[in-house]
Amino acid sequence: MSKPLVIDKPSPHFDSRKGTRIDVVVLHHTGSNNGRADLAWLRGQESGVSAHYLVDRDGRIYQLVADADRAWHAGRCALRGVVTDMNSRSLGVEIVNDGTGRTPYTVQQYQALESLVPYLVTTYGVPLENLVGHKDVAIPAGCKNDPSPNFDFARIRRVVASALSSAGQQALAAHS
Ligand SMILES: [Zn+2]
């Protein structure tokens with residue numbers, strides 16, 4: 001599966017994974033509805049936060065931190081009840097949206113996510129149950145609400161499930 005086109009916009013807010021393997025993808029909304037302001041915040045000195053990717057309203061995908069590096073996007077987290085250093089093991093994807101639950105995510109954003117997220121899960125072998133929203137893993141529970149409830153997570157999960165199953169079939173065929 002090939003990587004979708006990304007625009008490099010480096011952020012300083014990362015450090016080393018120290019060898020931790022990637023096995024989670026975390027989706028976020030930015031909380032503004034302004035990609036330019038979000039890029040400035042995630043790249044600016046004072047924020048101290050960045051995801052690996054930002055998907056703008058027009059479907060453009062910005063890469064802020066290299067996949068190999070540990071981006072600072074998730075804070076304190078637990079996965080299925082087990083406290084974990086989520087930043088070390090995950091890739092973070094920010095989706096530009098104000099997070100009110102009333103502003104629709106755009107068709108272009110869904111299309112971008114439908115190519116980016118399957119690429120990430122198949123490239124790094126992320127299991128489907130480890131494709132999560134920030135609100136699913138942040139602790140204490142209820143402290144985060146992203147991505148907002150009007151984000152069609154099921155749509156992304158379907159595409160990812162189908163990409164994982166065809167990747168599995170290709171692997172089986174290669175072994176036979
Ligand atoms: Zn978040």
# chains A, B, ... in the order shown; residues from 1 in each chain; ligands from 1

$ residues_near_ligand --ligand "ligand 1" --cutoff "12 Å" --atoms "only C-alpha atoms and all ligand atoms" --output "VMD selection string"
chain A and resid 25 to 32 49 to 51 54 72 to 77 86 to 87 91 to 99 132 to 139 142 to 148

$ residues_around --residues "segment 113-122 of chain A" --least-positions-apart "4" --cutoff "10 Å" --atoms "only C-alpha atoms" --output "MDAnalysis selection string"
chainID A and resid 1:6 22:27 53 55 59 61 67 91 93 95 107:109 126:128 130:131 155:168

$ select_by_dssp --residues "chain A" --states "strand (DSSP E or B)" --output "PyMOL selection string"
chain A and resi 7-8+14-16+24-29+53-55+61-63+69-71+77-79+82-84+90-95+131-133+138

$ write_last_selection --atoms "N, CA and C atoms" --output "tab-separated table (two decimals), in the first residue's frame"
chain	number	residue	atom	x	y	z
A	7	ILE	N	2.50	16.80	2.82
A	7	ILE	CA	3.26	18.05	2.75
A	7	ILE	C	4.05	18.16	4.06
A	8	ASP	N	5.36	18.25	3.94
A	8	ASP	CA	6.20	18.30	5.15
A	8	ASP	C	6.14	19.67	5.81
A	14	PHE	N	8.74	16.49	19.49
A	14	PHE	CA	8.87	15.03	19.45
A	14	PHE	C	10.18	14.65	20.12
A	15	ASP	N	10.28	13.37	20.46
A	15	ASP	CA	11.56	12.82	20.90
A	15	ASP	C	11.65	11.39	20.38
A	16	SER	N	12.47	10.55	21.04
A	16	SER	CA	12.73	9.21	20.50
A	16	SER	C	11.74	8.18	21.04
A	24	VAL	N	-0.41	1.33	17.67
A	24	VAL	CA	-1.67	2.05	17.89
A	24	VAL	C	-1.71	3.26	16.94
A	25	VAL	N	-2.90	3.57	16.44
A	25	VAL	CA	-3.13	4.84	15.73
A	25	VAL	C	-4.22	5.58	16.49
A	26	VAL	N	-3.95	6.85	16.83
A	26	VAL	CA	-4.88	7.68	17.61
A	26	VAL	C	-5.38	8.82	16.73
A	27	LEU	N	-6.71	8.93	16.61
A	27	LEU	CA	-7.30	10.04	15.86
A	27	LEU	C	-7.76	11.13	16.83
A	28	HIS	N	-7.54	12.39	16.42
A	28	HIS	CA	-7.90	13.56	17.22
A	28	HIS	C	-8.68	14.54	16.35
A	29	HIS	N	-9.47	15.43	16.97
A	29	HIS	CA	-9.82	16.68	16.28
A	29	HIS	C	-8.99	17.79	16.92
A	53	TYR	N	0.51	13.69	11.95
A	53	TYR	CA	-0.18	14.18	10.74
A	53	TYR	C	-1.28	15.16	11.11
A	54	LEU	N	-1.57	16.06	10.19
A	54	LEU	CA	-2.72	16.95	10.31
A	54	LEU	C	-3.49	16.86	8.99
A	55	VAL	N	-4.77	16.56	9.07
A	55	VAL	CA	-5.61	16.49	7.87
A	55	VAL	C	-6.49	17.73	7.84
A	61	ILE	N	-2.84	16.60	3.54
A	61	ILE	CA	-2.26	15.91	4.70
A	61	ILE	C	-0.88	16.51	4.95
A	62	TYR	N	-0.71	17.05	6.13
A	62	TYR	CA	0.59	17.60	6.53
A	62	TYR	C	1.30	16.61	7.43
A	63	GLN	N	2.60	16.42	7.20
A	63	GLN	CA	3.40	15.58	8.10
A	63	GLN	C	4.24	16.49	8.98
A	69	ASP	N	9.55	8.80	14.83
A	69	ASP	CA	9.75	9.57	16.07
A	69	ASP	C	8.50	9.57	16.95
A	70	ARG	N	8.71	9.93	18.23
A	70	ARG	CA	7.65	9.92	19.25
A	70	ARG	C	7.05	11.33	19.34
A	71	ALA	N	5.90	11.52	18.69
A	71	ALA	CA	5.24	12.84	18.72
A	71	ALA	C	4.45	12.99	20.01
A	77	CYS	N	-2.52	8.17	29.14
A	77	CYS	CA	-3.43	7.27	28.44
A	77	CYS	C	-3.43	5.88	29.04
A	78	ALA	N	-4.54	5.18	28.78
A	78	ALA	CA	-4.62	3.76	29.06
A	78	ALA	C	-5.23	3.09	27.84
A	79	LEU	N	-4.75	1.89	27.52
A	79	LEU	CA	-5.34	1.13	26.42
A	79	LEU	C	-6.06	-0.07	27.02
A	82	VAL	N	-5.28	-0.50	30.65
A	82	VAL	CA	-3.89	-0.63	31.10
A	82	VAL	C	-3.14	0.68	30.79
A	83	VAL	N	-2.64	1.33	31.83
A	83	VAL	CA	-1.91	2.58	31.64
A	83	VAL	C	-0.68	2.32	30.79
A	84	THR	N	-0.45	3.22	29.82
A	84	THR	CA	0.62	2.96	28.86
A	84	THR	C	1.22	4.27	28.38
A	90	SER	N	2.46	4.95	19.50
A	90	SER	CA	1.37	5.30	18.58
A	90	SER	C	1.79	6.30	17.51
A	91	LEU	N	0.92	6.38	16.51
A	91	LEU	CA	0.95	7.46	15.52
A	91	LEU	C	-0.28	8.31	15.77
A	92	GLY	N	-0.14	9.63	15.76
A	92	GLY	CA	-1.25	10.54	16.01
A	92	GLY	C	-1.66	11.27	14.74
A	93	VAL	N	-2.97	11.33	14.51
A	93	VAL	CA	-3.52	12.03	13.35
A	93	VAL	C	-4.52	13.07	13.84
A	94	GLU	N	-4.23	14.33	13.60
A	94	GLU	CA	-5.14	15.43	13.95
A	94	GLU	C	-6.01	15.75	12.74
A	95	ILE	N	-7.30	15.88	12.98
A	95	ILE	CA	-8.24	16.24	11.93
A	95	ILE	C	-8.77	17.63	12.25
A	131	LEU	N	-6.95	0.93	16.52
A	131	LEU	CA	-7.29	2.20	15.87
A	131	LEU	C	-8.31	2.86	16.78
A	132	VAL	N	-7.89	3.93	17.47
A	132	VAL	CA	-8.70	4.49	18.55
A	132	VAL	C	-8.83	6.00	18.40
A	133	GLY	N	-9.83	6.55	19.10
A	133	GLY	CA	-9.93	8.00	19.25
A	133	GLY	C	-9.23	8.40	20.54
A	138	ALA	N	-7.56	8.48	26.58
A	138	ALA	CA	-7.05	9.50	27.51
A	138	ALA	C	-7.56	9.21	28.92

$ atom_distance --atom1 "atom CA of Pro140 of chain A" --atom2 "atom CA of Phe153 of chain A"
21.9 Å

$ atom_distance --atom1 "atom CA of Glu129 of chain A" --atom2 "atom CA of Gln111 of chain A"
21.1 Å

$ closest_residue --among "A:Ser47, A:Arg21, A:Asn33, A:Lys9" --to "Gly125 of chain A" --atoms "only C-alpha atoms"
A:Arg21

$ decode --residues "segment 45-70 of chain A" --atoms "N, CA and C atoms" --output "short mmCIF file (atom, residue, chain, number, x, y, z; two decimals), in the first residue's frame"
data_model
loop_
_atom_site.label_atom_id
_atom_site.label_comp_id
_atom_site.auth_asym_id
_atom_site.auth_seq_id
_atom_site.Cartn_x
_atom_site.Cartn_y
_atom_site.Cartn_z
N GLN A 45 6.68 27.21 19.16
CA GLN A 45 7.48 26.82 20.32
C GLN A 45 6.64 26.59 21.57
N GLU A 46 5.61 27.40 21.79
CA GLU A 46 4.95 27.40 23.10
C GLU A 46 3.99 26.23 23.31
N SER A 47 3.51 25.57 22.24
CA SER A 47 2.46 24.57 22.45
C SER A 47 2.98 23.30 23.12
N GLY A 48 4.15 22.85 22.70
CA GLY A 48 4.69 21.60 23.25
C GLY A 48 3.92 20.37 22.84
N VAL A 49 3.08 20.49 21.83
CA VAL A 49 2.31 19.33 21.34
C VAL A 49 2.35 19.26 19.82
N SER A 50 2.33 18.03 19.33
CA SER A 50 2.14 17.81 17.89
C SER A 50 1.77 16.36 17.65
N ALA A 51 0.94 16.14 16.65
CA ALA A 51 0.71 14.78 16.15
C ALA A 51 1.69 14.54 15.00
N HIS A 52 1.64 13.35 14.43
CA HIS A 52 2.45 13.08 13.25
C HIS A 52 1.85 13.72 12.00
N TYR A 53 0.51 13.69 11.95
CA TYR A 53 -0.18 14.18 10.74
C TYR A 53 -1.28 15.16 11.11
N LEU A 54 -1.57 16.06 10.19
CA LEU A 54 -2.72 16.95 10.31
C LEU A 54 -3.49 16.86 8.99
N VAL A 55 -4.77 16.56 9.07
CA VAL A 55 -5.61 16.49 7.87
C VAL A 55 -6.49 17.73 7.84
N ASP A 56 -6.22 18.59 6.86
CA ASP A 56 -6.91 19.87 6.77
C ASP A 56 -8.31 19.71 6.14
N ARG A 57 -9.11 20.75 6.22
CA ARG A 57 -10.47 20.74 5.69
C ARG A 57 -10.51 20.38 4.20
N ASP A 58 -9.46 20.79 3.47
CA ASP A 58 -9.44 20.54 2.02
C ASP A 58 -8.85 19.18 1.68
N GLY A 59 -8.54 18.37 2.69
CA GLY A 59 -8.03 17.03 2.44
C GLY A 59 -6.51 16.96 2.35
N ARG A 60 -5.85 18.11 2.41
CA ARG A 60 -4.38 18.06 2.41
C ARG A 60 -3.88 17.42 3.69
N ILE A 61 -2.84 16.60 3.54
CA ILE A 61 -2.26 15.91 4.70
C ILE A 61 -0.88 16.51 4.95
N TYR A 62 -0.71 17.05 6.13
CA TYR A 62 0.59 17.60 6.53
C TYR A 62 1.30 16.61 7.43
N GLN A 63 2.60 16.42 7.20
CA GLN A 63 3.40 15.58 8.10
C GLN A 63 4.24 16.49 8.98
N LEU A 64 3.99 16.41 10.29
CA LEU A 64 4.68 17.29 11.25
C LEU A 64 5.83 16.58 11.94
N VAL A 65 5.66 15.30 12.18
CA VAL A 65 6.68 14.50 12.85
C VAL A 65 6.83 13.20 12.04
N ALA A 66 8.06 12.73 11.86
CA ALA A 66 8.30 11.48 11.14
C ALA A 66 7.69 10.31 11.92
N ASP A 67 7.19 9.32 11.20
CA ASP A 67 6.58 8.15 11.86
C ASP A 67 7.52 7.53 12.89
N ALA A 68 8.81 7.51 12.55
CA ALA A 68 9.79 6.84 13.42
C ALA A 68 9.95 7.54 14.77
N ASP A 69 9.55 8.80 14.83
CA ASP A 69 9.75 9.57 16.07
C ASP A 69 8.50 9.57 16.95
N ARG A 70 8.71 9.93 18.23
CA ARG A 70 7.65 9.92 19.25
C ARG A 70 7.05 11.33 19.34
#
